[in-house]
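Structure file entry.cif; described as mmCIF, C-alpha atoms.
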data_target
#
loop_
_atom_site.label_atom_id
_atom_site.label_comp_id
_atom_site.auth_asym_id
_atom_site.auth_seq_id
_atom_site.Cartn_x
_atom_site.Cartn_y
_atom_site.Cartn_z
CA MET S 1 143.39 29.62 21.15
CA MET S 2 144.36 33.26 20.54
CA ASN S 3 141.72 33.68 17.85
CA ASN S 4 139.03 32.40 20.21
CA LEU S 5 140.33 34.55 23.05
CA PHE S 6 140.28 37.84 21.15
CA SER S 7 137.13 37.09 19.15
CA ILE S 8 135.08 38.88 21.83
CA PHE S 9 136.71 42.13 20.67
CA ASP S 10 136.25 41.42 16.95
CA PRO S 11 133.56 43.68 15.43
CA SER S 12 133.62 41.85 12.10
CA THR S 13 131.37 39.01 13.27
CA ASN S 14 128.22 39.08 11.15
CA LEU S 15 124.91 37.38 10.58
CA PHE S 16 123.46 37.18 7.05
CA ASN S 17 126.33 39.46 5.95
CA LEU S 18 125.15 42.14 8.38
CA SER S 19 127.59 43.33 11.04
CA LEU S 20 125.34 43.23 14.09
CA ASN S 21 127.98 43.67 16.80
CA TRP S 22 127.72 47.46 16.69
CA MET S 23 123.94 47.29 17.22
CA SER S 24 124.53 46.91 20.96
CA THR S 25 125.77 50.52 21.02
CA PHE S 26 122.31 51.80 20.07
CA ILE S 27 120.25 49.66 22.43
CA GLY S 28 120.40 52.43 25.05
CA ILE S 29 118.37 54.72 22.78
CA LEU S 30 115.39 52.39 23.25
CA PHE S 31 115.30 53.23 26.98
CA ILE S 32 115.29 57.02 26.59
CA PRO S 33 111.54 57.50 25.87
CA LEU S 34 110.59 55.50 28.97
CA SER S 35 111.24 58.48 31.24
CA PHE S 36 108.59 60.53 29.45
CA TRP S 37 105.58 58.28 29.97
CA LEU S 38 106.33 55.83 32.79
CA ILE S 39 105.51 56.65 36.39
CA PRO S 40 108.76 57.78 38.10
CA ASN S 41 110.42 54.81 39.78
CA ARG S 42 113.67 54.12 41.60
CA HIS S 43 115.60 53.68 38.36
CA TYR S 44 114.36 57.05 37.04
CA THR S 45 115.05 58.76 40.38
CA LEU S 46 118.60 57.39 40.54
CA TRP S 47 119.22 58.44 36.92
CA ASN S 48 118.06 62.02 37.63
CA PHE S 49 120.03 62.21 40.87
CA THR S 50 123.23 61.10 39.12
CA ALA S 51 122.67 63.51 36.22
CA LYS S 52 122.13 66.47 38.57
CA LYS S 53 125.23 65.66 40.64
CA LEU S 54 127.38 65.35 37.51
CA ASN S 55 125.90 68.54 36.07
CA ASN S 56 126.81 70.51 39.21
CA GLU S 57 130.32 69.05 39.32
CA PHE S 58 131.00 69.76 35.65
CA LYS S 59 129.73 73.34 36.11
CA THR S 60 132.31 73.81 38.87
CA LEU S 61 135.11 72.39 36.70
CA LEU S 62 134.18 74.52 33.68
CA GLY S 63 134.06 77.73 35.69
CA PRO S 64 131.77 80.75 35.45
CA ASN S 65 132.85 81.65 31.90
CA SER S 66 131.44 78.48 30.31
CA PHE S 67 128.47 78.51 27.98
CA SER S 68 125.09 77.50 29.34
CA GLY S 69 124.29 73.88 28.54
CA THR S 70 127.90 72.79 27.93
CA THR S 71 127.71 70.36 30.84
CA PHE S 72 124.98 68.34 29.10
CA ILE S 73 127.54 67.21 26.51
CA PHE S 74 129.73 65.63 29.18
CA VAL S 75 126.80 64.22 31.19
CA SER S 76 125.47 62.55 28.03
CA MET S 77 128.93 61.19 27.24
CA PHE S 78 129.20 59.78 30.77
CA PHE S 79 125.91 57.88 30.45
CA PHE S 80 126.74 56.67 26.92
CA ILE S 81 130.12 55.24 27.96
CA LEU S 82 128.71 53.85 31.22
CA PHE S 83 125.90 52.04 29.42
CA ASN S 84 128.22 50.46 26.86
CA ASN S 85 130.76 49.47 29.53
CA PHE S 86 128.07 47.69 31.53
CA LEU S 87 126.54 46.10 28.46
CA GLY S 88 129.86 44.43 27.67
CA LEU S 89 129.73 42.53 30.97
CA PHE S 90 126.84 40.42 29.69
CA PRO S 91 127.70 37.21 27.78
CA TYR S 92 127.82 37.29 23.99
CA ILE S 93 127.47 41.09 23.78
CA PHE S 94 130.15 43.04 21.95
CA THR S 95 131.81 45.76 24.09
CA SER S 96 131.93 48.75 21.76
CA THR S 97 134.01 50.81 24.20
CA SER S 98 136.80 48.22 23.95
CA HIS S 99 137.30 49.23 20.31
CA LEU S 100 139.25 52.31 19.22
CA ASN S 101 136.63 53.09 16.58
CA ILE S 102 134.28 54.30 19.31
CA THR S 103 136.67 55.68 21.93
CA LEU S 104 138.90 57.54 19.48
CA SER S 105 135.89 58.96 17.63
CA ILE S 106 134.53 60.44 20.88
CA SER S 107 137.82 61.82 22.22
CA LEU S 108 139.12 63.10 18.87
CA THR S 109 135.86 64.89 18.03
CA LEU S 110 135.76 66.66 21.39
CA TRP S 111 139.46 67.55 21.29
CA LEU S 112 139.24 68.99 17.78
CA SER S 113 136.23 71.10 18.71
CA PHE S 114 138.07 72.42 21.79
CA MET S 115 141.18 73.26 19.77
CA ILE S 116 139.31 74.96 16.92
CA TYR S 117 137.25 77.05 19.34
CA GLY S 118 140.25 77.93 21.54
CA TRP S 119 142.60 78.99 18.75
CA MET S 120 139.90 81.01 16.98
CA ASN S 121 138.49 82.86 20.01
CA ASN S 122 141.15 82.72 22.77
CA THR S 123 144.41 82.68 20.83
CA GLN S 124 146.38 84.57 23.48
CA ASN S 125 145.12 82.27 26.23
CA MET S 126 146.14 79.21 24.19
CA PHE S 127 149.68 80.59 23.79
CA ILE S 128 149.85 81.26 27.55
CA HIS S 129 149.19 77.54 28.24
CA MET S 130 152.24 76.67 26.16
CA ILE S 131 154.66 78.26 28.65
CA PRO S 132 154.11 77.78 32.40
CA GLN S 133 154.63 80.83 34.56
CA GLY S 134 158.22 81.32 35.76
CA THR S 135 159.85 79.27 32.98
CA PRO S 136 163.46 80.47 32.23
CA ALA S 137 163.92 81.99 28.78
CA ILE S 138 166.41 79.30 27.73
CA LEU S 139 163.86 76.54 28.41
CA MET S 140 160.92 78.20 26.66
CA PRO S 141 161.39 76.48 23.25
CA PHE S 142 161.58 73.08 24.96
CA MET S 143 158.50 73.81 27.08
CA VAL S 144 156.52 74.83 23.99
CA LEU S 145 157.54 71.59 22.28
CA ILE S 146 156.66 69.45 25.32
CA GLU S 147 153.31 71.18 25.88
CA THR S 148 152.45 70.87 22.18
CA ILE S 149 153.19 67.14 22.15
CA SER S 150 151.25 66.55 25.38
CA ASN S 151 148.31 68.46 23.92
CA ILE S 152 148.34 66.51 20.66
CA ILE S 153 148.38 63.08 22.35
CA ARG S 154 145.45 63.89 24.64
CA PRO S 155 142.72 62.28 22.49
CA GLY S 156 144.91 59.20 22.04
CA THR S 157 145.50 58.81 25.77
CA LEU S 158 141.79 59.18 26.53
CA ALA S 159 140.87 56.56 23.93
CA VAL S 160 143.62 54.09 24.87
CA ARG S 161 142.90 54.43 28.60
CA LEU S 162 139.27 53.40 28.17
CA THR S 163 140.02 50.69 25.60
CA ALA S 164 142.86 49.14 27.62
CA ASN S 165 140.83 49.01 30.83
CA MET S 166 137.89 47.35 29.09
CA ILE S 167 140.07 44.82 27.26
CA ALA S 168 142.17 43.92 30.32
CA GLY S 169 139.24 42.98 32.54
CA HIS S 170 137.38 41.06 29.85
CA LEU S 171 140.50 39.11 28.89
CA LEU S 172 141.13 38.16 32.52
CA LEU S 173 137.55 36.91 32.90
CA THR S 174 137.82 34.94 29.64
CA LEU S 175 141.18 33.39 30.57
CA LEU S 176 139.97 32.28 33.99
CA SER S 177 136.72 30.84 32.64
CA SER S 178 138.60 28.86 29.98
CA THR S 179 140.65 27.09 32.68
CA GLY S 180 137.54 25.76 34.44
CA ILE S 181 137.23 22.82 32.04
CA ASN S 182 140.47 21.23 33.26
CA MET S 183 139.95 22.00 36.96
CA PRO S 184 138.90 19.44 39.57
CA ASN S 185 135.48 19.91 41.14
CA TYR S 186 136.75 21.19 44.49
CA LEU S 187 138.56 24.09 42.77
CA LEU S 188 135.53 25.13 40.70
CA ILE S 189 133.89 26.74 43.74
CA PHE S 190 137.00 28.85 44.29
CA LEU S 191 137.04 29.78 40.58
CA ILE S 192 133.39 30.85 40.68
CA ILE S 193 134.04 33.07 43.71
CA VAL S 194 137.03 34.68 41.98
CA GLN S 195 134.94 35.23 38.84
CA ILE S 196 132.19 36.92 40.85
CA LEU S 197 134.72 39.19 42.56
CA LEU S 198 136.26 40.08 39.20
CA LEU S 199 132.82 40.84 37.81
CA VAL S 200 132.17 43.21 40.73
CA LEU S 201 135.56 44.83 40.07
CA GLU S 202 134.74 45.20 36.38
CA SER S 203 131.44 46.87 37.31
CA ALA S 204 133.37 49.40 39.40
CA VAL S 205 135.87 49.91 36.56
CA ALA S 206 132.97 50.55 34.15
CA ILE S 207 131.70 53.39 36.37
CA ILE S 208 135.14 54.80 37.17
CA GLN S 209 136.32 54.87 33.54
CA ALA S 210 133.16 56.63 32.36
CA TYR S 211 133.63 59.22 35.11
CA VAL S 212 137.35 59.68 34.42
CA ILE S 213 136.83 60.21 30.68
CA SER S 214 134.06 62.74 31.33
CA VAL S 215 136.05 64.67 33.96
CA LEU S 216 139.22 64.79 31.85
CA SER S 217 137.24 66.00 28.83
CA THR S 218 135.68 68.69 31.03
CA LEU S 219 139.12 69.81 32.26
CA TYR S 220 140.45 69.97 28.70
CA SER S 221 137.42 72.05 27.74
CA SER S 222 137.94 74.47 30.65
CA GLU S 223 141.45 75.32 29.39
CA VAL S 224 140.13 76.94 26.21
CA ASN S 225 137.65 79.27 27.95
#
Target encoding structure tokens, full file:
Amino acid sequence: MMNNLFSIFDPSTNLFNLSLNWMSTFIGILFIPLSFWLIPNRHYTLWNFTAKKLNNEFKTLLGPNSFSGTTFIFVSMFFFILFNNFLGLFPYIFTSTSHLNITLSISLTLWLSFMIYGWMNNTQNMFIHMIPQGTPAILMPFMVLIETISNIIRPGTLAVRLTANMIAGHLLLTLLSSTGINMPNYLLIFLIIVQILLLVLESAVAIIQAYVISVLSTLYSSEVN
């Protein structure tokens, strides 16, 4: 039972000795060229509207001292995570964002680049973040230790937050669907309604988690400027 339940999160499933589960991550690349030759439609208009809104918001979060074009990194990350979150809601498609290989790779890469840039170019500013203003002298060593630990675990918390939210919803949907076999017919209608509501909730979670990861990464980036 447990093996069947968690098999939806197992990336080792293969066909002809080829691990094809990760291929779903790259399906989104096939849709990118469409915007260059198709007549603009509602999908293209909505995509551009969302990208512009996110770009303006990330510019505000980064502040006036940010480099030009930095926001495109976080906008691209938002769409990448959003696409993979939504793709996992379809049957028999592996959710790559429910695996730490993907989420930790994204968060750790960004965090390391922020840290390397900050300590090389804004060393004094990085030391200032270690001790909040007004901290008593006797508490300064403890505050440095606490701030250092909280800074180190940031990529882990970003990765685990996204992974846990994706796994929790998918497991709940799988558990409920597996109970439908033993249910009487009059309860199946109620189960279907609950499943539809959970699917709507998971769609909202997919959008919210992509936005939260992008915003938090932007805030972490603004601290090193």
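Using all atoms listed in the file for every distance, the candidate list S:Tyr220, S:Tyr211, S:Phe127, S:Tyr117 yields S:Tyr211 as the residue closest to Ala51 (chain S).
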Query - Point-to-point distance in Å for CA of Ser214 (chain S) and CA of Asn101 (chain S) - result: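 Going from CA of Asn101 (chain S) over to CA of Ser214 (chain S), I get 17.8 Å.
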**Report entry** Nearest residue to Ser217 (chain S) from the set S:Thr109, S:Asn48, S:Asn41, S:Asn21 (distances using all atoms listed in the file)
**Finding:** S:Thr109
Report task. Considering all atoms listed in the file, return as a VMD selection string whatever protein or nucleic-acid residues lie within 6 Å of region 143-159 of chain S, sequence-local ones (same chain, fewer than 6 positions apart) excluded. Result -> chain S and resid 103 to 104 107 to 108 130
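Nearest residue to Ser203 (chain S), choosing from S:Phe83, S:Phe190, S:Trp119, S:Trp111 and counting all atoms listed in the file: S:Phe83.
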Requested in this report: Just give me the gap between CA of Thr218 (chain S) and CA of Leu82 (chain S) in Å, one decimal is fine.
Outcome: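 Atom-to-atom, CA of Thr218 (chain S) to CA of Leu82 (chain S), that is 16.4 Å.
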**Report entry** Target residues per the PyMOL selection byres ((chain S and resi 80) around 10), formatted as a PyMOL selection string
**Finding:** chain S and resi 25-26+28-29+74-79+81-85+97+210
Query raised in the report: With distances taken over all atoms listed in the file, which of S:Leu188, S:Met166, S:Gly180, S:Gln195 is nearest to Ile208 (chain S)?
Result: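 Ranked by minimum distance to Ile208 (chain S), first place goes to S:Met166.
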Query raised in the report: Which residue gives the smallest distance to Ile93 (chain S) among S:Leu112, S:His170, S:Tyr44, S:Phe67, with all atoms listed in the file counted?
Result: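 Looking at the shortest contact to Ile93 (chain S), the residue is S:His170.
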Query raised in the report: Suppose you want the space between CA of Ile213 (chain S) and CA of Pro40 (chain S); what is it in Å?
Result: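 Result for CA of Ile213 (chain S) versus CA of Pro40 (chain S): 29.1 Å, one decimal.
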With all atoms listed in the file counted and 10 Å as the cut-off, give the residues of region 98-177 of chain S in contact with region 197-200 of chain S, each with its shortest interatomic distance in Å and the pair that gives it, as a Markdown table.
| residue | atom | partner | partner_atom | distance |
| --- | --- | --- | --- | --- |
| S:Gly169 | CA | S:Leu198 | CA | 7.9 |
| S:His170 | CA | S:Leu199 | CA | 9.2 |
| S:Leu172 | CA | S:Leu198 | CA | 8.5 |
| S:Leu173 | CA | S:Leu198 | CA | 7.2 |
**Report entry** Explicit residues for the PyMOL selection byres ((chain S and resi 222) around 8) (as a list in words)
**Finding:**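 Matching residues under the PyMOL selection byres ((chain S and resi 222) around 8) are Leu61, Leu62, Gly63, Ser66, Thr218, Leu219, Tyr220, Ser221, Glu223, Val224 and Asn225 of chain S.
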Query - Which of S:Ile207, S:Ile167, S:Leu139, S:Ile73 sits closest to Phe58 (chain S) [using all atoms listed in the file] - result: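 Distance minimum relative to Phe58 (chain S) lands on S:Ile73.
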